[in-house]
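Next up, protein07.cif (mmCIF, C-alpha atoms):
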```
data_data
loop_
_atom_site.group_PDB
_atom_site.id
_atom_site.type_symbol
_atom_site.label_atom_id
_atom_site.label_comp_id
_atom_site.auth_asym_id
_atom_site.auth_seq_id
_atom_site.Cartn_x
_atom_site.Cartn_y
_atom_site.Cartn_z
ATOM 1 C CA TRP A 15 -3.069 19.603 -4.161
ATOM 2 C CA TRP A 16 -4.712 22.933 -5.023
ATOM 3 C CA LEU A 17 -8.221 21.598 -4.433
ATOM 4 C CA GLU A 18 -7.313 20.042 -1.077
ATOM 5 C CA LYS A 19 -5.537 23.239 -0.024
ATOM 6 C CA GLN A 20 -8.448 25.506 -0.948
ATOM 7 C CA ALA A 21 -11.031 23.285 0.727
ATOM 8 C CA GLY A 22 -8.868 22.814 3.815
ATOM 9 C CA GLU A 23 -8.450 26.566 4.179
ATOM 10 C CA GLY A 24 -12.221 26.983 4.047
ATOM 11 C CA ASN A 25 -12.405 28.950 0.785
ATOM 12 C CA LYS A 26 -16.114 29.828 0.736
ATOM 13 C CA ASP A 27 -15.969 30.783 -2.964
ATOM 14 C CA LEU A 28 -14.818 27.300 -3.989
ATOM 15 C CA ASN A 29 -17.410 25.722 -6.290
ATOM 16 C CA GLU A 30 -17.766 23.411 -9.294
ATOM 17 C CA PHE A 31 -17.585 26.228 -11.844
ATOM 18 C CA ASN A 32 -14.421 27.934 -10.631
ATOM 19 C CA VAL A 33 -12.664 24.597 -10.066
ATOM 20 C CA GLY A 34 -13.319 23.793 -13.737
ATOM 21 C CA GLU A 35 -11.917 27.188 -14.714
ATOM 22 C CA LYS A 36 -8.821 26.580 -12.571
ATOM 23 C CA VAL A 37 -8.193 23.170 -14.126
ATOM 24 C CA SER A 38 -8.376 24.718 -17.610
ATOM 25 C CA SER A 39 -5.987 27.529 -16.700
ATOM 26 C CA LEU A 40 -3.424 25.138 -15.216
ATOM 27 C CA ARG A 41 -3.573 22.859 -18.252
ATOM 28 C CA ALA A 42 -3.113 25.868 -20.556
ATOM 29 C CA GLU A 43 0.276 26.541 -18.930
ATOM 30 C CA GLN A 44 1.709 23.338 -20.405
ATOM 31 C CA ASN A 45 3.817 23.360 -23.559
ATOM 32 C CA GLY A 46 1.946 22.494 -26.745
ATOM 33 C CA TYR A 47 -1.505 23.254 -25.313
ATOM 34 C CA VAL A 48 -4.121 24.244 -27.910
ATOM 35 C CA GLU A 49 -7.503 24.082 -26.148
ATOM 36 C CA GLU A 50 -9.721 21.933 -23.948
ATOM 37 C CA SER A 51 -10.694 18.633 -25.549
ATOM 38 C CA PHE A 52 -14.127 19.094 -23.934
ATOM 39 C CA PRO A 53 -15.578 21.357 -21.215
ATOM 40 C CA SER A 54 -14.487 20.132 -17.785
ATOM 41 C CA ILE A 55 -17.007 18.079 -15.813
ATOM 42 C CA VAL A 56 -16.830 18.955 -12.107
ATOM 43 C CA GLY A 57 -19.529 17.328 -9.991
ATOM 44 C CA GLU A 58 -19.776 17.719 -6.218
ATOM 45 C CA GLY A 59 -21.933 15.264 -4.288
ATOM 46 C CA PRO A 60 -25.214 14.654 -6.155
ATOM 47 C CA HIS A 61 -23.963 16.473 -9.266
ATOM 48 C CA GLY A 62 -21.250 13.809 -9.558
ATOM 49 C CA ALA A 63 -24.029 11.291 -10.226
ATOM 50 C CA VAL A 64 -25.031 13.187 -13.406
ATOM 51 C CA VAL A 65 -22.784 11.507 -15.965
ATOM 52 C CA HIS A 66 -22.264 14.453 -18.342
ATOM 53 C CA TYR A 67 -23.014 17.270 -15.918
ATOM 54 C CA ARG A 68 -21.646 20.705 -16.774
ATOM 55 C CA ALA A 69 -21.596 23.363 -14.092
ATOM 56 C CA THR A 70 -22.633 26.941 -14.763
ATOM 57 C CA GLU A 71 -22.098 29.888 -12.451
ATOM 58 C CA GLU A 72 -25.763 29.576 -11.491
ATOM 59 C CA SER A 73 -25.885 25.778 -10.977
ATOM 60 C CA ALA A 74 -22.483 25.325 -9.326
ATOM 61 C CA ARG A 75 -22.504 23.621 -5.937
ATOM 62 C CA LYS A 76 -20.086 24.688 -3.205
ATOM 63 C CA ILE A 77 -17.075 22.437 -2.579
ATOM 64 C CA THR A 78 -16.116 22.048 1.070
ATOM 65 C CA LYS A 79 -13.675 20.062 3.212
ATOM 66 C CA ASP A 80 -16.281 17.259 3.368
ATOM 67 C CA SER A 81 -17.086 17.065 -0.360
ATOM 68 C CA MET A 82 -16.752 14.136 -2.725
ATOM 69 C CA VAL A 83 -15.842 15.517 -6.157
ATOM 70 C CA LEU A 84 -15.771 13.906 -9.607
ATOM 71 C CA LEU A 85 -13.504 15.734 -12.070
ATOM 72 C CA ASP A 86 -13.348 14.765 -15.763
ATOM 73 C CA SER A 87 -11.181 16.965 -17.983
ATOM 74 C CA GLY A 88 -8.830 16.926 -20.936
ATOM 75 C CA GLY A 89 -6.830 18.964 -23.409
ATOM 76 C CA GLN A 90 -5.896 19.168 -27.053
ATOM 77 C CA PHE A 91 -2.119 19.351 -27.412
ATOM 78 C CA LEU A 92 0.104 19.454 -30.469
ATOM 79 C CA CYS A 93 1.228 15.934 -29.532
ATOM 80 C CA GLY A 94 -2.245 14.470 -28.915
ATOM 81 C CA THR A 95 -5.459 14.494 -26.929
ATOM 82 C CA THR A 96 -6.003 13.782 -23.229
ATOM 83 C CA ASP A 97 -9.061 12.698 -21.226
ATOM 84 C CA VAL A 98 -8.839 11.779 -17.543
ATOM 85 C CA THR A 99 -11.229 11.398 -14.612
ATOM 86 C CA ARG A 100 -10.498 11.205 -10.912
ATOM 87 C CA THR A 101 -12.848 11.066 -7.944
ATOM 88 C CA HIS A 102 -11.570 12.743 -4.801
ATOM 89 C CA HIS A 103 -13.000 12.797 -1.293
ATOM 90 C CA LEU A 104 -11.900 15.864 0.671
ATOM 91 C CA GLY A 105 -13.191 14.572 4.007
ATOM 92 C CA THR A 106 -13.907 11.173 5.517
ATOM 93 C CA PRO A 107 -15.653 8.773 3.099
ATOM 94 C CA SER A 108 -18.363 6.434 4.303
ATOM 95 C CA ALA A 109 -17.970 2.654 4.196
ATOM 96 C CA TYR A 110 -20.467 2.527 1.320
ATOM 97 C CA GLU A 111 -18.561 5.152 -0.672
ATOM 98 C CA THR A 112 -15.282 3.273 -0.234
ATOM 99 C CA MET A 113 -16.912 -0.042 -1.185
ATOM 100 C CA CYS A 114 -18.335 1.439 -4.376
ATOM 101 C CA TYR A 115 -15.089 3.209 -5.231
ATOM 102 C CA THR A 116 -13.010 0.084 -4.654
ATOM 103 C CA ARG A 117 -15.245 -2.026 -6.893
ATOM 104 C CA VAL A 118 -14.912 0.583 -9.638
ATOM 105 C CA LEU A 119 -11.135 0.505 -9.166
ATOM 106 C CA LYS A 120 -11.055 -3.308 -9.293
ATOM 107 C CA GLY A 121 -12.830 -3.172 -12.663
ATOM 108 C CA HIS A 122 -10.437 -0.490 -13.889
ATOM 109 C CA ILE A 123 -7.474 -2.682 -12.937
ATOM 110 C CA ALA A 124 -9.037 -5.762 -14.569
ATOM 111 C CA LEU A 125 -9.423 -4.032 -17.931
ATOM 112 C CA ASP A 126 -5.987 -2.416 -17.736
ATOM 113 C CA SER A 127 -4.480 -5.866 -17.068
ATOM 114 C CA ALA A 128 -6.460 -7.796 -19.684
ATOM 115 C CA THR A 129 -4.806 -9.985 -22.332
ATOM 116 C CA PHE A 130 -7.015 -11.047 -25.237
ATOM 117 C CA PRO A 131 -6.815 -12.619 -28.735
ATOM 118 C CA VAL A 132 -6.361 -10.532 -31.866
ATOM 119 C CA GLY A 133 -9.791 -9.872 -33.355
ATOM 120 C CA THR A 134 -11.578 -9.423 -30.009
ATOM 121 C CA PRO A 135 -14.261 -6.709 -30.186
ATOM 122 C CA GLY A 136 -14.497 -4.108 -27.453
ATOM 123 C CA MET A 137 -17.901 -5.368 -26.349
ATOM 124 C CA ALA A 138 -16.240 -8.626 -25.242
ATOM 125 C CA LEU A 139 -13.926 -6.680 -22.904
ATOM 126 C CA ASP A 140 -16.641 -4.642 -21.211
ATOM 127 C CA THR A 141 -17.381 -7.332 -18.603
ATOM 128 C CA PHE A 142 -13.805 -7.079 -17.265
ATOM 129 C CA ALA A 143 -14.659 -3.608 -15.953
ATOM 130 C CA ARG A 144 -18.157 -4.404 -14.623
ATOM 131 C CA GLN A 145 -17.700 -7.794 -12.960
ATOM 132 C CA HIS A 146 -16.884 -6.526 -9.455
ATOM 133 C CA LEU A 147 -19.804 -4.105 -9.481
ATOM 134 C CA TRP A 148 -22.156 -6.802 -10.795
ATOM 135 C CA SER A 149 -21.167 -9.147 -7.973
ATOM 136 C CA ALA A 150 -22.461 -6.514 -5.520
ATOM 137 C CA GLY A 151 -25.623 -5.833 -7.544
ATOM 138 C CA LEU A 152 -24.281 -2.527 -8.927
ATOM 139 C CA ASP A 153 -23.664 -1.198 -12.451
ATOM 140 C CA TYR A 154 -23.278 2.008 -14.474
ATOM 141 C CA ARG A 155 -25.236 3.425 -17.388
ATOM 142 C CA HIS A 156 -22.513 4.278 -19.890
ATOM 143 C CA GLY A 157 -19.831 2.560 -21.925
ATOM 144 C CA THR A 158 -16.523 1.629 -20.346
ATOM 145 C CA GLY A 159 -14.278 2.974 -23.079
ATOM 146 C CA HIS A 160 -14.225 5.058 -26.244
ATOM 147 C CA GLY A 161 -11.630 5.676 -28.910
ATOM 148 C CA VAL A 162 -9.520 8.832 -28.675
ATOM 149 C CA GLY A 163 -8.099 10.726 -31.631
ATOM 150 C CA ALA A 164 -4.710 12.438 -31.874
ATOM 151 C CA ALA A 165 -5.518 16.154 -31.504
ATOM 152 C CA LEU A 166 -8.877 15.351 -33.117
ATOM 153 C CA ASN A 167 -12.043 14.003 -31.483
ATOM 154 C CA VAL A 168 -11.832 13.030 -27.832
ATOM 155 C CA HIS A 169 -14.624 10.527 -28.556
ATOM 156 C CA GLU A 170 -13.596 8.810 -31.779
ATOM 157 C CA GLY A 171 -14.798 5.564 -33.319
ATOM 158 C CA PRO A 172 -15.213 3.072 -34.629
ATOM 159 C CA GLN A 173 -13.849 1.170 -31.599
ATOM 160 C CA SER A 174 -15.493 1.200 -28.203
ATOM 161 C CA ILE A 175 -15.623 -0.897 -25.038
ATOM 162 C CA SER A 176 -19.269 -1.065 -24.061
ATOM 163 C CA PRO A 177 -22.333 -3.335 -23.898
ATOM 164 C CA ARG A 178 -23.393 -2.122 -27.352
ATOM 165 C CA TRP A 179 -23.490 -5.611 -28.833
ATOM 166 C CA GLY A 180 -23.874 -4.275 -32.386
ATOM 167 C CA ASN A 181 -20.363 -2.798 -32.434
ATOM 168 C CA THR A 182 -18.121 -5.704 -33.386
ATOM 169 C CA THR A 183 -15.084 -3.574 -34.282
ATOM 170 C CA PRO A 184 -12.008 -5.386 -32.919
ATOM 171 C CA ILE A 185 -9.533 -3.597 -30.664
ATOM 172 C CA LYS A 186 -6.319 -3.413 -32.685
ATOM 173 C CA ASP A 187 -2.651 -2.787 -32.002
ATOM 174 C CA GLY A 188 -2.086 0.981 -31.849
ATOM 175 C CA MET A 189 -5.660 1.962 -30.974
ATOM 176 C CA ILE A 190 -6.107 4.299 -28.018
ATOM 177 C CA VAL A 191 -9.153 3.775 -25.809
ATOM 178 C CA SER A 192 -10.353 5.090 -22.474
ATOM 179 C CA ASN A 193 -10.765 2.878 -19.413
ATOM 180 C CA GLU A 194 -13.473 4.548 -17.332
ATOM 181 C CA PRO A 195 -15.749 2.378 -15.226
ATOM 182 C CA GLY A 196 -17.880 4.232 -12.696
ATOM 183 C CA TYR A 197 -20.752 4.110 -10.262
ATOM 184 C CA TYR A 198 -23.442 6.737 -9.704
ATOM 185 C CA GLU A 199 -25.705 6.855 -6.659
ATOM 186 C CA ASP A 200 -28.530 9.131 -7.792
ATOM 187 C CA GLY A 201 -28.859 12.193 -5.599
ATOM 188 C CA GLN A 202 -25.767 11.302 -3.559
ATOM 189 C CA PHE A 203 -22.423 10.957 -5.369
ATOM 190 C CA GLY A 204 -20.651 9.829 -8.521
ATOM 191 C CA ILE A 205 -17.466 7.809 -9.016
ATOM 192 C CA ARG A 206 -15.389 7.402 -12.154
ATOM 193 C CA ILE A 207 -11.733 6.451 -12.625
ATOM 194 C CA GLU A 208 -10.457 7.059 -16.152
ATOM 195 C CA ASN A 209 -7.098 6.522 -17.827
ATOM 196 C CA LEU A 210 -6.222 6.300 -21.500
ATOM 197 C CA LEU A 211 -4.718 3.046 -22.784
ATOM 198 C CA ILE A 212 -2.926 2.117 -25.993
ATOM 199 C CA CYS A 213 -3.332 -1.394 -27.351
ATOM 200 C CA ARG A 214 -0.076 -3.301 -27.946
ATOM 201 C CA GLU A 215 0.968 -6.796 -28.984
ATOM 202 C CA ALA A 216 1.237 -9.022 -25.916
ATOM 203 C CA LYS A 217 4.091 -11.411 -25.235
ATOM 204 C CA THR A 218 2.381 -14.613 -24.111
ATOM 205 C CA GLU A 219 3.897 -17.965 -23.180
ATOM 206 C CA HIS A 220 1.831 -19.678 -25.889
ATOM 207 C CA ASN A 221 0.138 -18.569 -29.110
ATOM 208 C CA PHE A 222 -2.911 -20.751 -29.789
ATOM 209 C CA GLN A 223 -3.283 -21.404 -33.536
ATOM 210 C CA GLY A 224 -0.924 -18.491 -34.218
ATOM 211 C CA LYS A 225 -3.687 -15.928 -33.771
ATOM 212 C CA GLY A 226 -1.653 -13.505 -31.623
ATOM 213 C CA TYR A 227 -2.627 -11.717 -28.416
ATOM 214 C CA LEU A 228 -2.984 -8.112 -27.315
ATOM 215 C CA SER A 229 -2.861 -6.166 -24.072
ATOM 216 C CA PHE A 230 -2.884 -2.540 -22.933
ATOM 217 C CA GLU A 231 -0.228 -0.008 -21.992
ATOM 218 C CA CYS A 232 -1.292 2.905 -19.793
ATOM 219 C CA LEU A 233 -0.808 6.490 -21.040
ATOM 220 C CA THR A 234 -2.221 8.447 -18.074
ATOM 221 C CA PHE A 235 -0.218 9.080 -14.903
ATOM 222 C CA ILE A 236 -2.158 10.867 -12.175
ATOM 223 C CA PRO A 237 -2.560 9.615 -8.587
ATOM 224 C CA ILE A 238 -5.649 7.554 -7.731
ATOM 225 C CA GLN A 239 -6.861 8.491 -4.253
ATOM 226 C CA THR A 240 -5.934 5.709 -1.832
ATOM 227 C CA LYS A 241 -8.114 7.047 0.993
ATOM 228 C CA LEU A 242 -11.139 5.741 -0.914
ATOM 229 C CA MET A 243 -9.729 2.220 -1.310
ATOM 230 C CA ASP A 244 -10.986 -0.632 0.893
ATOM 231 C CA LEU A 245 -7.951 -2.900 0.955
ATOM 232 C CA LYS A 246 -9.948 -5.698 2.603
ATOM 233 C CA ILE A 247 -11.776 -6.394 -0.669
ATOM 234 C CA MET A 248 -8.715 -5.952 -2.879
ATOM 235 C CA SER A 249 -6.514 -8.870 -3.886
ATOM 236 C CA ASP A 250 -2.748 -8.899 -3.428
ATOM 237 C CA ASP A 251 -2.364 -8.471 -7.195
ATOM 238 C CA GLU A 252 -4.655 -5.429 -7.203
ATOM 239 C CA ILE A 253 -2.742 -3.797 -4.349
ATOM 240 C CA ALA A 254 0.505 -4.511 -6.219
ATOM 241 C CA TRP A 255 -0.993 -2.920 -9.364
ATOM 242 C CA VAL A 256 -1.793 0.285 -7.440
ATOM 243 C CA ASN A 257 1.745 0.420 -6.028
ATOM 244 C CA ARG A 258 3.346 -0.159 -9.448
ATOM 245 C CA TYR A 259 1.108 2.472 -11.017
ATOM 246 C CA HIS A 260 1.903 5.055 -8.347
ATOM 247 C CA GLU A 261 5.608 4.285 -8.625
ATOM 248 C CA GLN A 262 5.372 5.182 -12.325
ATOM 249 C CA VAL A 263 3.389 8.332 -11.519
ATOM 250 C CA TRP A 264 6.122 9.466 -9.124
ATOM 251 C CA GLU A 265 8.942 8.625 -11.531
ATOM 252 C CA LYS A 266 7.322 10.395 -14.499
ATOM 253 C CA ILE A 267 5.708 13.389 -12.815
ATOM 254 C CA SER A 268 7.870 14.384 -9.833
ATOM 255 C CA PRO A 269 10.767 15.675 -12.000
ATOM 256 C CA ARG A 270 8.302 18.086 -13.624
ATOM 257 C CA VAL A 271 7.007 19.493 -10.326
ATOM 258 C CA GLN A 272 8.703 22.730 -9.274
ATOM 259 C CA LYS A 273 6.916 23.680 -6.039
ATOM 260 C CA GLU A 274 8.250 21.756 -3.064
ATOM 261 C CA GLU A 275 4.885 21.614 -1.275
ATOM 262 C CA VAL A 276 3.281 20.135 -4.405
ATOM 263 C CA LYS A 277 6.061 17.548 -4.636
ATOM 264 C CA GLU A 278 5.469 16.626 -0.987
ATOM 265 C CA TRP A 279 1.754 16.180 -1.724
ATOM 266 C CA LEU A 280 2.590 13.997 -4.748
ATOM 267 C CA GLN A 281 4.920 11.841 -2.677
ATOM 268 C CA LYS A 282 2.164 11.198 -0.126
ATOM 269 C CA ALA A 283 -0.416 10.593 -2.870
ATOM 270 C CA THR A 284 1.784 7.940 -4.471
ATOM 271 C CA ALA A 285 3.000 6.253 -1.253
ATOM 272 C CA LYS A 286 2.784 2.464 -1.137
ATOM 273 C CA ILE A 287 -0.330 0.904 0.331
ATOM 274 C CA SER A 288 -0.566 -2.329 2.298
ATOM 275 C CA ARG A 289 -2.966 -4.090 4.639
ATOM 276 C CA GLU A 290 -0.486 -3.872 7.519
#
```

As structure tokens - that is how I would like this structure written.
Amino acid sequence: WWLEKQAGEGNKDLNEFNVGEKVSSLRAEQNGYVEESFPSIVGEGPHGAVVHYRATEESARKITKDSMVLLDSGGQFLCGTTDVTRTHHLGTPSAYETMCYTRVLKGHIALDSATFPVGTPGMALDTFARQHLWSAGLDYRHGTGHGVGAALNVHEGPQSISPRWGNTTPIKDGMIVSNEPGYYEDGQFGIRIENLLICREAKTEHNFQGKGYLSFECLTFIPIQTKLMDLKIMSDDEIAWVNRYHEQVWEKISPRVQKEEVKEWLQKATAKISRE
């Protein structure tokens, strides 16, 4: 809301550095806040394609009403650690940008929805998140998920979800991992959609050889920008996933929002999507 408002009003001082500072100050207002879990990553346009970019006052690019912005941030709280990424287009995205974004989202949904046998290592789950990018000849150069500590390290092993074939640590009940597929067009833009997930025992119709099955429960509830979604390449199940997710976002977050104009923005951001 704040970012859209500032860009829409033509704030000429709006840039990557002061957006990062604003995010940190807003997070610090929450109960139980201790500190950032890592310095905020705010990348406009080509800087969004630099995976671990960190803006300085000197390097910061301006953010305008036409910008595409990647924002990765998190906090250390007394109750745990957060890490979330959203990609937001403040103007009108191109067809290529929406295609790339939607394929990232499809991979995010696939991993979030996965059910797998007990003992499965994270490397075996990585393909869930990449398959829709691979089918278009696209990919990303980082792991899909890392472990997250409880008010400890935001990147915490030994578990990970990545193509690092040497890490055979199984994903276990109770582990928290990130789900963050992305796509980065060098010199143009970056896309990443990240939530945190907790692994839980899955209730399946069958239980082959009594081995047991696991699935994920989402811990992060922040709107995912629907303007960047190409519904023509999304399945009915994927569209239903987005609507269920946004319904949960509204139910969990709207009671905490005090400003009416922010609540109105949240309602629009979580509105149901359909092809009609």

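Comparing A:His169, A:Arg100, A:Arg41, A:His260 by their smallest distance to Leu280 in chain A, the closest is A:His260 (using only C-alpha atoms).
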
Exercise for review: Name all residues at most 9 Å from Thr112 in chain A (count all atoms listed in the file; drop same-chain ones fewer than 6 positions away) and give them as a VMD selection string.
Suggested key: chain A and resid 241 to 244

Selection to disk with C-alpha atoms, as a compact mmCIF listing (two decimals), in the frame of the given file:
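Okay, out07.txt is ready:
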```txt
# COMPACT_ATOMS: atom_id res chain seq x y z
CA LYS A 241 -8.11 7.05 0.99
CA LEU A 242 -11.14 5.74 -0.91
CA MET A 243 -9.73 2.22 -1.31
CA ASP A 244 -10.99 -0.63 0.89
```

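Taking CA of Asn257 in chain A as the reference point, CA of Glu208 in chain A is found at 17.2 Å.
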
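Proximity to Ile175 in chain A was assessed for A:Val162, A:Ile236, A:Gly136, A:Glu194 counting all atoms listed in the file; the smallest distance is recorded for A:Gly136.
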
Check your understanding: What separation in Å, quoted to one decimal, exists between CA of Lys266 in chain A and CA of Phe235 in chain A?
Key -> 7.7 Å

**Study point:** Selection: 7 Å around Thr183 in chain A, all atoms listed in the file, excl. self and same-chain fewer than 5 positions, as a list in words
**Key:** Pro135, Gly136, Pro172 and Gln173 of chain A

Point to revise | Selection: 8 Å around Gly161 in chain A, only C-alpha atoms, excl. self and same-chain fewer than 2 positions, as a ChimeraX atom specification | key: /A:159,163,168-174,189-192

Expected file contents, prior selection, C-alpha atoms, as a PDB file, keeping the file's coordinate frame:
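Written out: result28.pdb:
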```pdb
ATOM      1  CA  GLY A 159     -14.278   2.974 -23.079  1.00  0.00           C
ATOM      2  CA  GLY A 163      -8.099  10.726 -31.631  1.00  0.00           C
ATOM      3  CA  VAL A 168     -11.832  13.030 -27.832  1.00  0.00           C
ATOM      4  CA  HIS A 169     -14.624  10.527 -28.556  1.00  0.00           C
ATOM      5  CA  GLU A 170     -13.596   8.810 -31.779  1.00  0.00           C
ATOM      6  CA  GLY A 171     -14.798   5.564 -33.319  1.00  0.00           C
ATOM      7  CA  PRO A 172     -15.213   3.072 -34.629  1.00  0.00           C
ATOM      8  CA  GLN A 173     -13.849   1.170 -31.599  1.00  0.00           C
ATOM      9  CA  SER A 174     -15.493   1.200 -28.203  1.00  0.00           C
ATOM     10  CA  MET A 189      -5.660   1.962 -30.974  1.00  0.00           C
ATOM     11  CA  ILE A 190      -6.107   4.299 -28.018  1.00  0.00           C
ATOM     12  CA  VAL A 191      -9.153   3.775 -25.809  1.00  0.00           C
ATOM     13  CA  SER A 192     -10.353   5.090 -22.474  1.00  0.00           C
TER      14      SER A 192
END
```

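The residues returned by the PyMOL selection byres ((chain A and resi 233) around 7) on the shown structure are Leu210, Leu211, Ile212, Glu231, Cys232, Thr234 and Phe235 of chain A.
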
Output file for the residues above (C-alpha atoms, as a PDB file, in the frame of the given file):
```pdb
ATOM      1  CA  LEU A 210      -6.222   6.300 -21.500  1.00  0.00           C
ATOM      2  CA  LEU A 211      -4.718   3.046 -22.784  1.00  0.00           C
ATOM      3  CA  ILE A 212      -2.926   2.117 -25.993  1.00  0.00           C
ATOM      4  CA  GLU A 231      -0.228  -0.008 -21.992  1.00  0.00           C
ATOM      5  CA  CYS A 232      -1.292   2.905 -19.793  1.00  0.00           C
ATOM      6  CA  THR A 234      -2.221   8.447 -18.074  1.00  0.00           C
ATOM      7  CA  PHE A 235      -0.218   9.080 -14.903  1.00  0.00           C
TER       8      PHE A 235
END
```

Taking all atoms of range 200-212 of chain A that the file lists and extending 4 Å past them on each side, where is the centre of the axis-aligned box and how long are its edges? Answer in Å to one decimal, as lines of an AutoDock Vina configuration file.
```
center_x = -15.9
center_y = 7.2
center_z = -14.8
size_x = 33.9
size_y = 18.1
size_z = 30.4
```

Kindly assemble as CSV a list of the range 53-92 of chain A residues that lie within 10 Å of range 16-25 of chain A, each paired with its nearest atom pair and their distance in Å to one decimal, using all atoms listed in the file, sorted first by chain and then by ascending residue number.
```
residue,atom,partner,partner_atom,distance
A:Lys76,CA,A:Asn25,CA,9.6
A:Ile77,CA,A:Ala21,CA,6.9
A:Thr78,CA,A:Ala21,CA,5.2
A:Lys79,CA,A:Ala21,CA,4.9
A:Asp80,CA,A:Ala21,CA,8.4
A:Ser81,CA,A:Ala21,CA,8.7
A:Val83,CA,A:Leu17,CA,9.9
```

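Closest approach to Pro53 in chain A from the set A:Asp86, A:Asp250, A:Glu72, A:Asp27 is made by A:Asp86, with distances taken over all atoms listed in the file.
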
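Across the structure, CA of Thr284 in chain A and CA of Lys246 in chain A are spaced 19.3 Å apart.
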
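Among A:Ile205, A:Ile55, A:Ala283, A:Ala254, the residue with the shortest atom-to-atom distance to Asp153 in chain A, counting only C-alpha atoms, is A:Ile205.
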
Show me, as a CSV table (one decimal) with C-alpha atoms, in the frame of the given file, the residues that have an atom within 6 Å of range 143-151 of chain A when counting only C-alpha atoms, minus same-chain residues fewer than 4 positions from it.
```csv
chain,number,residue,atom,x,y,z
A,117,ARG,CA,-15.2,-2.0,-6.9
A,121,GLY,CA,-12.8,-3.2,-12.7
A,122,HIS,CA,-10.4,-0.5,-13.9
A,125,LEU,CA,-9.4,-4.0,-17.9
```

Residues within 9 Å of Glu71 in chain A, all atoms listed in the file, excluding chain neighbours under 5 positions, as a tab-separated table (two decimals) with C-alpha atoms, in the frame of the given file:
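The resulting file, around03.tsv, is reproduced below:
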```tsv
chain	number	residue	atom	x	y	z
A	29	ASN	CA	-17.41	25.72	-6.29
A	30	GLU	CA	-17.77	23.41	-9.29
A	31	PHE	CA	-17.58	26.23	-11.84
A	32	ASN	CA	-14.42	27.93	-10.63
```

Point to revise | Top pick for closest residue to Glu219 in chain A, considering A:Leu92, A:Thr129, A:Gln262, A:Leu152 and counting only C-alpha atoms | key: A:Thr129

Check your understanding: Nearest to Thr134 in chain A: which of A:His61, A:Lys186, A:Arg214, A:Arg206 is it, counting only C-alpha atoms?
Key -> A:Lys186

Fill-in result for range 259-269 of chain A, N, CA, C and O atoms as a short mmCIF file (atom, residue, chain, number, x, y, z; two decimals), keeping the file's coordinate frame:
```
data_model
loop_
_atom_site.label_atom_id
_atom_site.label_comp_id
_atom_site.auth_asym_id
_atom_site.auth_seq_id
_atom_site.Cartn_x
_atom_site.Cartn_y
_atom_site.Cartn_z
N TYR A 259 1.62 1.30 -10.29
CA TYR A 259 1.11 2.47 -11.02
C TYR A 259 1.60 3.76 -10.36
O TYR A 259 2.11 4.66 -11.03
N HIS A 260 1.48 3.84 -9.04
CA HIS A 260 1.90 5.06 -8.35
C HIS A 260 3.41 5.25 -8.39
O HIS A 260 3.90 6.39 -8.40
N GLU A 261 4.16 4.17 -8.45
CA GLU A 261 5.61 4.28 -8.62
C GLU A 261 5.93 4.95 -9.97
O GLU A 261 6.81 5.82 -10.05
N GLN A 262 5.19 4.56 -11.01
CA GLN A 262 5.37 5.18 -12.32
C GLN A 262 4.94 6.64 -12.31
O GLN A 262 5.59 7.49 -12.93
N VAL A 263 3.84 6.94 -11.62
CA VAL A 263 3.39 8.33 -11.52
C VAL A 263 4.50 9.18 -10.91
O VAL A 263 4.85 10.25 -11.42
N TRP A 264 5.06 8.71 -9.79
CA TRP A 264 6.12 9.47 -9.12
C TRP A 264 7.33 9.64 -10.03
O TRP A 264 7.89 10.74 -10.14
N GLU A 265 7.75 8.56 -10.68
CA GLU A 265 8.94 8.62 -11.53
C GLU A 265 8.76 9.57 -12.71
O GLU A 265 9.70 10.29 -13.10
N LYS A 266 7.56 9.59 -13.29
CA LYS A 266 7.32 10.40 -14.50
C LYS A 266 6.95 11.85 -14.18
O LYS A 266 7.29 12.76 -14.94
N ILE A 267 6.26 12.06 -13.07
CA ILE A 267 5.71 13.39 -12.82
C ILE A 267 6.56 14.21 -11.86
O ILE A 267 6.71 15.43 -12.04
N SER A 268 7.15 13.59 -10.84
CA SER A 268 7.87 14.38 -9.83
C SER A 268 8.99 15.25 -10.42
O SER A 268 9.19 16.38 -9.95
N PRO A 269 9.73 14.79 -11.46
CA PRO A 269 10.77 15.68 -12.00
C PRO A 269 10.20 16.94 -12.65
O PRO A 269 10.94 17.92 -12.84
#
```
